[in-house]
Every structure is written in C-alpha cells, then in structure tokens.
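Asker: What follows is a single structure, and I will ask about it in a moment.
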Amino acid sequence: MVDSVVFNGSELLLLDQRLLPHKTKIVKCKDEHETATAIKDMVVRGAPAIGITAAYGMALAENPEKAAQVLKAARPTAVDLANAVEYMLNEIRKGADAKKAAVEWHEKIRESTRKISEYGAALLKDGSTVLLHCNAGPLATGAYGTSLGAVLEAGKTKQLMVYVDETRPRFQGALTASELRAAGISHKVIVDSAAGLLLKQGSIDAVMVGADRIVRNGDFANKIGTYPLAVVAKENNVPFYVLAPFSTFDFSIENGDQIKIEQRSEDEVLKIGKQAIYQKGTSAYNPAFDVTPAKYVTAYVSEYGVARGISELQGQFRRG
Ligand code: MRU
C-alpha cells in the first residue's frame, strides 16, 4: 500500500498527488503553515487524508489554538479536516502528547477504512461492474480507502470490471486508474458525461463513492459530478453506495443545503496543466463539490457496517 501521508517525528512527508501517476515527489512540511498550504494546493487530497495531514500539522505547531484556525481554513467542505483539528485541540487541552495523538488519529482512520473496505467488498458479487467517481483509495485516505478500498478488497477474490470517471477538472480518475492498475483489476476510464449512458444501458451493477461531509439527514457532499450520477443511478435502479469513516460525519448540520461548497480557481477548468484550452477573456465557474440528497443513497458503509438509510446509520453510530 502507498503511504500518502508519513510522519517521521519531526516532519510531515506528503506524496505529491498533483504529479501522480507519472512522477513521485515528496513534499516536506515542518509547521502548520506549510501543512495548510499543502492541503490548499492539493499536494494531499481526499477527505480522510487531509484530516490526517491536519492532525500532524497540529502536532507540528507551537501554538495549537492559532494553528487550528490556519488549518481549518485550508479547505472548507471536507469535514474530516475540522474534525481532526478539533480532536487534536481537545487532546492537547487535556495535556496529551500531540504527536502521539496525531498518530492515534491516523491509526483510527486506518482501522476504520480497513473495515469499510471489507464491508463494501461484501456488496460486490463476482463478475460485478462498478462505477467509481473521483479517487477514494489508499492515496485519498492515508490508509485503505473507502469506495476504491472496497473495490480493491473485492478484487482480491472476485473478477470485477471498473469504469473510472476521469473526474474533471483535476482528473482524480488518473489516480484511481493507477491504483486499480497496480492491483491488476480490469478497468476503463470514461469521460464524466459517459456515465449516464452506461447506467441507462444496464452496464453498471453498482456505483460506489466516497464523501467529504455527511450531515444529519443523510445528505452528503462529494466531488463535483456525484449528484447527477446518483440521480441517474436511481432512475435506472442501480444501487448507489456511499462509503465513509466516522471522521466524515457532521451531525451538527441538519441538511445538505447548509454545507459550504469549496470554489476553486477557474484555471483548473480553463487549463490542462499549463496548456490553455480556452481563449483569453473566457471565465469559468469551478465548484469542487456538490451535494447529493439522502433519497438517492441505497446504503451508507462505515466502519460500523452497512446501513440502509440514515436512521440505521445513526443507530449504528450511537451503539458505537
Ligand atoms: O478535491 P478532492 O480530490 O480532495 O476530493 C476528494 C473527494 O471528493 C473524495 O471522493 C472524498 O474526499 C472521499 S476520499 C475517501
């Protein structure tokens, strides 16, 4: 398994996901400011991975109260970031060793995503064809992965075919394809707009996605393009699964309309790498996430198991 986030006791070593799969480069962070910049610039990405990174960023800070503000401001939608920072603040206020606490957070995510991968894998039959959006594997979680974790786990014993949304504008599909390739799982990349055709044709047995924030009524934010996938999946009776660990839940928010959507630079849309696609003067709108209403979700998969509906999920959480 690739370690996208490594802490050596005095520095944070991040695998630069912007250059993958073609180049391997490590970015070092020695304080909360460098850590926040790495999160903002998407050196590290994926909700659980940015949470783990922020926990280590807190461990590297001299003033944790100030660092918490700096880190939380790095990206607004994925609640794993704020949850990790809050966890660290609480531990530090209680007098815990910050470095140890950050390692513990990482371990908790590792164990949660291991279980999610196993529960999710059990939903896939031998011969299944799965559709994935964005990248929610080991790179995105600093551990096993969520939706891609389930596919990687199932792929150990079952024959699968995976369609990978390329996930414009940042092409996280290239990361997913590289993780599937390394695992020897059959896959094809599609442009995001091809997904509807495949769902309508009956070519997909399950859609699996990760999440950046799941709120009290079960609505959830995930990479832009998730909502239309969920609608078309339901229209065609294709199961739509959302896989996420405890750190992605935000029961302080009632519904998805209250989730803040990160807006990113228009250059992400207007250029591919350094290459301009559009003429000067053309502008772009670039929301990084969308919100999918709970009614489109067939089941949530967390470390507590598979929940067919938000009430069942909340019950699983309460029982711990
Ligand atoms: O902007 P990104 O690449 O950080 O967005 C990532 C996603 O939307 C993932 O689906 C989500 O964080 C879950 S990762 C297990």
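Identifiers in this document derive from the order of the structure tokens: chains are assigned A, B, ..., residues are numbered from 1 separately in each chain, and ligands are numbered from 1 in order of occurrence.
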Neighbours of ligand 1 at 6 Å or closer, counting only C-alpha atoms and all ligand atoms: which residues, as a list in words?

Answerer: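 Listing the residues within 6 Å of ligand 1 gives Arg45, Gly46, Ala47, Pro48, Cys134, Asn135, Ala136, Ala140, Thr141, Gly145, Thr146, Gly210, Ala211, Asp212, Asn222 and Lys223 of chain A.
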
Asker: Please identify all polymer residues within 12 Å of A:Glu91, counting only C-alpha atoms, omitting same-chain residues fewer than 5 positions from it, and present them as a PyMOL selection string.

Answerer: chain A and resi 55+58-59+64+84-86+96-102+104-105

Asker: Would you write out, as a Markdown table, a table of all residues in stretch 21-120 of chain A that have an atom no more than 8 Å from an atom of stretch 147-163 of chain A, listing for each the closest atom pair and the distance in Å to one decimal, considering only C-alpha atoms and ordering rows by chain and rising residue number?

Answerer:
| residue | atom | partner | partner_atom | distance |
| --- | --- | --- | --- | --- |
| A:Thr113 | CA | A:Gly149 | CA | 7.5 |
| A:Arg114 | CA | A:Gly149 | CA | 7.8 |
| A:Ile116 | CA | A:Ala150 | CA | 6.9 |
| A:Ser117 | CA | A:Ala150 | CA | 3.9 |
| A:Glu118 | CA | A:Ala150 | CA | 6.2 |
| A:Tyr119 | CA | A:Ala150 | CA | 7.4 |
| A:Gly120 | CA | A:Ala150 | CA | 4.7 |

Asker: Which residues, written as a ChimeraX atom specification, have at least one atom at most 10 Å from A:Val306, with only C-alpha atoms counted and residues fewer than 6 positions away on the same chain left out?

Answerer: /A:116,119-120,122-123,241-243,298-300,312-313,316

Asker: Can you write just those residues out, all heavy atoms, as a compact mmCIF listing (two decimals), in the first residue's frame?

Answerer:
# COMPACT_ATOMS: atom_id res chain seq x y z
N ILE A 116 -14.28 -0.57 6.44
CA ILE A 116 -15.15 -0.09 5.35
C ILE A 116 -14.87 -0.87 4.07
O ILE A 116 -15.79 -1.30 3.36
CB ILE A 116 -14.95 1.43 5.13
CG1 ILE A 116 -15.54 2.20 6.32
CG2 ILE A 116 -15.54 1.90 3.81
CD1 ILE A 116 -15.15 3.67 6.35
N TYR A 119 -16.51 -4.31 4.47
CA TYR A 119 -17.98 -4.25 4.38
C TYR A 119 -18.41 -3.92 2.94
O TYR A 119 -19.36 -4.49 2.41
CB TYR A 119 -18.56 -3.20 5.32
CG TYR A 119 -18.55 -3.60 6.78
CD1 TYR A 119 -17.95 -2.79 7.74
CD2 TYR A 119 -19.18 -4.76 7.21
CE1 TYR A 119 -17.95 -3.13 9.09
CE2 TYR A 119 -19.18 -5.12 8.56
CZ TYR A 119 -18.57 -4.29 9.49
OH TYR A 119 -18.57 -4.64 10.81
N GLY A 120 -17.69 -2.98 2.33
CA GLY A 120 -18.04 -2.57 0.97
C GLY A 120 -17.80 -3.70 -0.03
O GLY A 120 -18.60 -3.92 -0.93
N ALA A 122 -18.08 -6.80 0.40
CA ALA A 122 -19.12 -7.82 0.50
C ALA A 122 -20.36 -7.45 -0.31
O ALA A 122 -21.20 -8.31 -0.60
CB ALA A 122 -19.48 -8.04 1.97
N LEU A 123 -20.49 -6.18 -0.69
CA LEU A 123 -21.64 -5.75 -1.50
C LEU A 123 -21.45 -6.08 -2.99
O LEU A 123 -22.38 -5.96 -3.77
CB LEU A 123 -21.86 -4.24 -1.35
CG LEU A 123 -22.25 -3.75 0.05
CD1 LEU A 123 -22.14 -2.22 0.11
CD2 LEU A 123 -23.67 -4.19 0.38
N TYR A 241 -23.89 3.48 -3.51
CA TYR A 241 -23.35 3.32 -2.15
C TYR A 241 -22.40 4.47 -1.81
O TYR A 241 -21.57 4.87 -2.63
CB TYR A 241 -22.57 2.00 -2.05
CG TYR A 241 -23.41 0.77 -2.30
CD1 TYR A 241 -23.19 -0.03 -3.42
CD2 TYR A 241 -24.43 0.41 -1.42
CE1 TYR A 241 -23.97 -1.16 -3.67
CE2 TYR A 241 -25.22 -0.72 -1.66
CZ TYR A 241 -24.98 -1.49 -2.78
OH TYR A 241 -25.75 -2.61 -3.01
N VAL A 242 -22.51 4.94 -0.56
CA VAL A 242 -21.63 6.00 -0.06
C VAL A 242 -20.79 5.40 1.08
O VAL A 242 -21.35 4.91 2.06
CB VAL A 242 -22.45 7.18 0.48
CG1 VAL A 242 -21.54 8.29 0.99
CG2 VAL A 242 -23.37 7.71 -0.60
N LEU A 243 -19.48 5.45 0.93
CA LEU A 243 -18.60 4.81 1.91
C LEU A 243 -17.74 5.87 2.59
O LEU A 243 -17.05 6.65 1.91
CB LEU A 243 -17.70 3.78 1.21
CG LEU A 243 -18.42 2.61 0.52
CD1 LEU A 243 -18.80 2.95 -0.91
CD2 LEU A 243 -17.58 1.35 0.53
N THR A 298 -28.55 4.28 -1.64
CA THR A 298 -29.06 2.92 -1.35
C THR A 298 -28.57 2.50 0.03
O THR A 298 -29.33 1.94 0.83
CB THR A 298 -28.54 1.92 -2.41
OG1 THR A 298 -28.85 2.43 -3.69
CG2 THR A 298 -29.14 0.53 -2.22
N ALA A 299 -27.29 2.73 0.32
CA ALA A 299 -26.75 2.39 1.65
C ALA A 299 -25.49 3.19 1.91
O ALA A 299 -24.78 3.58 0.98
CB ALA A 299 -26.45 0.89 1.72
N TYR A 300 -25.27 3.43 3.22
CA TYR A 300 -24.03 4.06 3.68
C TYR A 300 -23.17 2.92 4.24
O TYR A 300 -23.68 2.03 4.93
CB TYR A 300 -24.30 5.05 4.81
CG TYR A 300 -25.24 6.16 4.43
CD1 TYR A 300 -26.62 5.99 4.58
CD2 TYR A 300 -24.78 7.35 3.89
CE1 TYR A 300 -27.51 6.99 4.21
CE2 TYR A 300 -25.66 8.37 3.53
CZ TYR A 300 -27.02 8.18 3.69
OH TYR A 300 -27.89 9.17 3.32
N GLU A 312 -30.77 4.09 10.33
CA GLU A 312 -29.99 2.90 10.68
C GLU A 312 -28.52 3.29 10.94
O GLU A 312 -27.90 2.81 11.90
CB GLU A 312 -30.09 1.89 9.53
CG GLU A 312 -29.56 0.51 9.92
CD GLU A 312 -29.67 -0.51 8.76
OE1 GLU A 312 -30.48 -0.33 7.84
OE2 GLU A 312 -28.91 -1.50 8.82
N LEU A 313 -28.01 4.17 10.13
CA LEU A 313 -26.62 4.61 10.30
C LEU A 313 -26.43 5.31 11.65
O LEU A 313 -25.47 5.05 12.38
CB LEU A 313 -26.24 5.56 9.16
CG LEU A 313 -24.83 6.12 9.22
CD1 LEU A 313 -23.83 5.07 8.80
CD2 LEU A 313 -24.68 7.33 8.33
N GLN A 316 -26.34 2.84 14.38
CA GLN A 316 -25.03 2.15 14.43
C GLN A 316 -23.99 3.03 15.13
O GLN A 316 -23.19 2.55 15.93
CB GLN A 316 -24.53 1.83 13.00
CG GLN A 316 -25.30 0.74 12.31
CD GLN A 316 -24.85 0.57 10.86
OE1 GLN A 316 -24.22 1.46 10.27
NE2 GLN A 316 -25.17 -0.58 10.27

Asker: Rank nothing, just name the residue among A:Gly196, A:Gly218, A:Gly315, A:Gly57 nearest to A:Asp257, using only C-alpha atoms.

Answerer: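 Once distances to A:Asp257 are computed over only C-alpha atoms, the minimum belongs to A:Gly218.
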
Asker: If you run DSSP over the backbone, which residues in stretch 92-163 of chain A end up strand (DSSP E)? Put them as a PyMOL selection string.

Answerer: chain A and resi 129-132+161-163

Asker: Those same residues, written as a compact mmCIF listing (two decimals), in the first residue's frame with N, CA, C and O atoms?

Answerer:
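Below is the file that was written, selection_4.txt:
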# COMPACT_ATOMS: atom_id res chain seq x y z
N THR A 129 -19.76 -5.16 -12.28
CA THR A 129 -19.17 -3.97 -12.91
C THR A 129 -19.52 -2.77 -12.03
O THR A 129 -20.68 -2.56 -11.69
N VAL A 130 -18.50 -2.03 -11.66
CA VAL A 130 -18.66 -0.93 -10.70
C VAL A 130 -18.27 0.38 -11.36
O VAL A 130 -17.34 0.42 -12.17
N LEU A 131 -18.98 1.43 -10.99
CA LEU A 131 -18.61 2.77 -11.47
C LEU A 131 -18.06 3.57 -10.29
O LEU A 131 -18.69 3.62 -9.22
N LEU A 132 -16.88 4.16 -10.48
CA LEU A 132 -16.25 4.99 -9.43
C LEU A 132 -16.12 6.43 -9.92
O LEU A 132 -15.84 6.66 -11.09
N MET A 161 -15.09 -5.53 -13.06
CA MET A 161 -14.79 -4.56 -14.11
C MET A 161 -15.14 -3.20 -13.53
O MET A 161 -16.22 -3.03 -12.94
N VAL A 162 -14.25 -2.24 -13.67
CA VAL A 162 -14.48 -0.93 -13.06
C VAL A 162 -14.44 0.16 -14.13
O VAL A 162 -13.49 0.23 -14.92
N TYR A 163 -15.49 0.96 -14.18
CA TYR A 163 -15.46 2.17 -15.00
C TYR A 163 -15.04 3.33 -14.10
O TYR A 163 -15.59 3.50 -13.00

Asker: Taking into account only C-alpha atoms, which residue in the set A:Val44, A:Ala233, A:Ala36, A:Ala244 is nearest to A:Ser302?

Answerer: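 Between A:Val44, A:Ala233, A:Ala36, A:Ala244, the residue approaching A:Ser302 most closely is A:Ala244.
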
Asker: Between A:Pro76, A:Arg170, A:Leu19, A:Asn90, which has the minimum distance to A:Ile272 (counting only C-alpha atoms)?

Answerer: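 Of the candidates, the smallest distance to A:Ile272 is held by A:Arg170.
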
Asker: Determine, counting only C-alpha atoms, which protein, DNA and RNA residues have an atom within 12 Å of an atom of A:Arg18; residues of the same chain fewer than 6 positions away are not included. Present the result as a tab-separated table (two decimals) with N, CA, C and O atoms, in the first residue's frame.

Answerer:
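After the write, part15.tsv holds the following:
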chain	number	residue	atom	x	y	z
A	4	SER	N	0.51	7.86	1.53
A	4	SER	CA	0.47	9.23	1.00
A	4	SER	C	0.81	10.26	2.07
A	4	SER	O	1.16	11.38	1.77
A	24	THR	N	7.03	10.80	-8.89
A	24	THR	CA	6.94	10.62	-7.44
A	24	THR	C	7.81	11.68	-6.78
A	24	THR	O	9.02	11.73	-7.01
A	25	LYS	N	7.16	12.54	-5.99
A	25	LYS	CA	7.91	13.58	-5.30
A	25	LYS	C	7.34	13.71	-3.89
A	25	LYS	O	6.11	13.60	-3.70
A	26	ILE	N	8.20	13.90	-2.94
A	26	ILE	CA	7.75	14.07	-1.55
A	26	ILE	C	7.83	15.55	-1.18
A	26	ILE	O	8.85	16.20	-1.43
A	27	VAL	N	6.78	16.07	-0.60
A	27	VAL	CA	6.77	17.46	-0.11
A	27	VAL	C	6.87	17.39	1.41
A	27	VAL	O	6.11	16.67	2.06
A	38	ALA	N	-0.03	22.91	1.76
A	38	ALA	CA	-0.05	21.62	1.03
A	38	ALA	C	-1.48	21.11	0.86
A	38	ALA	O	-1.84	20.54	-0.17
A	39	ILE	N	-2.32	21.35	1.87
A	39	ILE	CA	-3.73	20.92	1.78
A	39	ILE	C	-4.46	21.77	0.74
A	39	ILE	O	-5.15	21.26	-0.15
A	40	LYS	N	-4.28	23.07	0.86
A	40	LYS	CA	-4.95	24.01	-0.06
A	40	LYS	C	-4.57	23.76	-1.52
A	40	LYS	O	-5.40	23.74	-2.41
A	41	ASP	N	-3.27	23.53	-1.75
A	41	ASP	CA	-2.77	23.33	-3.12
A	41	ASP	C	-3.00	21.90	-3.61
A	41	ASP	O	-2.59	21.55	-4.72
A	42	MET	N	-3.55	21.08	-2.77
A	42	MET	CA	-3.88	19.69	-3.11
A	42	MET	C	-2.67	18.80	-3.41
A	42	MET	O	-2.73	17.88	-4.21
A	43	VAL	N	-1.56	19.11	-2.71
A	43	VAL	CA	-0.44	18.14	-2.67
A	43	VAL	C	-1.02	16.85	-2.09
A	43	VAL	O	-0.78	15.76	-2.58
A	44	VAL	N	-1.78	17.03	-1.03
A	44	VAL	CA	-2.52	15.93	-0.41
A	44	VAL	C	-4.00	16.23	-0.61
A	44	VAL	O	-4.42	17.39	-0.54
A	45	ARG	N	-4.78	15.17	-0.88
A	45	ARG	CA	-6.21	15.40	-1.13
A	45	ARG	C	-6.96	14.14	-0.72
A	45	ARG	O	-6.38	13.12	-0.43
A	139	LEU	N	-4.51	6.43	-1.52
A	139	LEU	CA	-3.92	7.77	-1.61
A	139	LEU	C	-4.78	8.81	-0.89
A	139	LEU	O	-4.27	9.72	-0.24
A	170	ARG	N	-9.79	18.06	-12.22
A	170	ARG	CA	-8.45	17.73	-11.74
A	170	ARG	C	-8.02	16.29	-12.05
A	170	ARG	O	-6.95	15.86	-11.63
A	171	PHE	N	-8.89	15.55	-12.72
A	171	PHE	CA	-8.51	14.21	-13.18
A	171	PHE	C	-8.10	13.25	-12.07
A	171	PHE	O	-7.14	12.51	-12.20
A	172	GLN	N	-8.86	13.26	-10.97
A	172	GLN	CA	-8.57	12.28	-9.91
A	172	GLN	C	-8.74	10.85	-10.41
A	172	GLN	O	-8.23	9.90	-9.82
A	174	ALA	N	-7.30	9.59	-12.82
A	174	ALA	CA	-5.97	9.06	-13.17
A	174	ALA	C	-5.33	8.37	-11.96
A	174	ALA	O	-4.60	7.38	-12.10
A	175	LEU	N	-5.64	8.89	-10.76
A	175	LEU	CA	-5.12	8.26	-9.54
A	175	LEU	C	-5.81	6.92	-9.33
A	175	LEU	O	-5.19	5.91	-8.98
A	273	GLY	N	-3.06	21.35	-17.10
A	273	GLY	CA	-1.66	21.62	-16.77
A	273	GLY	C	-1.40	23.09	-17.06
A	273	GLY	O	-2.12	23.96	-16.60

Asker: If I take atom CA of A:Asp80 and atom CA of A:Lys271, how far is one from the other in Å, to one decimal?

Answerer: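 Separating atom CA of A:Asp80 from atom CA of A:Lys271 is a distance of 29.1 Å.
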
Asker: DSSP on the backbone, alpha helix (DSSP H) only: what residues of stretch 84-235 of chain A does that give? Format it as an MDAnalysis selection string.

Answerer: chainID A and resid 84:93 98:121 138:141 147:154 173:183 195:201 226:235

Asker: Go ahead and compute the interatomic distance for atom CA of A:Phe246 and atom CA of A:Arg110, in Å to one decimal.

Answerer: 11.6 Å

Asker: Expressed in Å to a single decimal, how great is the separation between atom CA of A:Leu197 and atom CA of A:Gly225?

Answerer: 14.7 Å

Asker: Nearest residue to A:Lys108 out of A:Ile214, A:Ala74, A:Ala143, A:Val79, using only C-alpha atoms?

Answerer: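 Comparing A:Ile214, A:Ala74, A:Ala143, A:Val79 against A:Lys108, the winner is A:Ala143.
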
Asker: Looking at only C-alpha atoms, which of A:Leu13, A:Pro228, A:Lys125, A:Pro169 is the one that sits closest to A:Ala284?

Answerer: A:Pro169

Asker: Please provide as a list in words all residues within 6 Å of A:Thr77, with the sequence filter that same-chain residues fewer than 5 positions apart are discarded (counting only C-alpha atoms).

Answerer: Lys260, Ile261 and Glu262 of chain A

Asker: Considering only C-alpha atoms, can you say which of A:Gly95, A:Pro245, A:Gly256, A:Pro287 comes closest to A:Ile224?

Answerer: A:Pro287
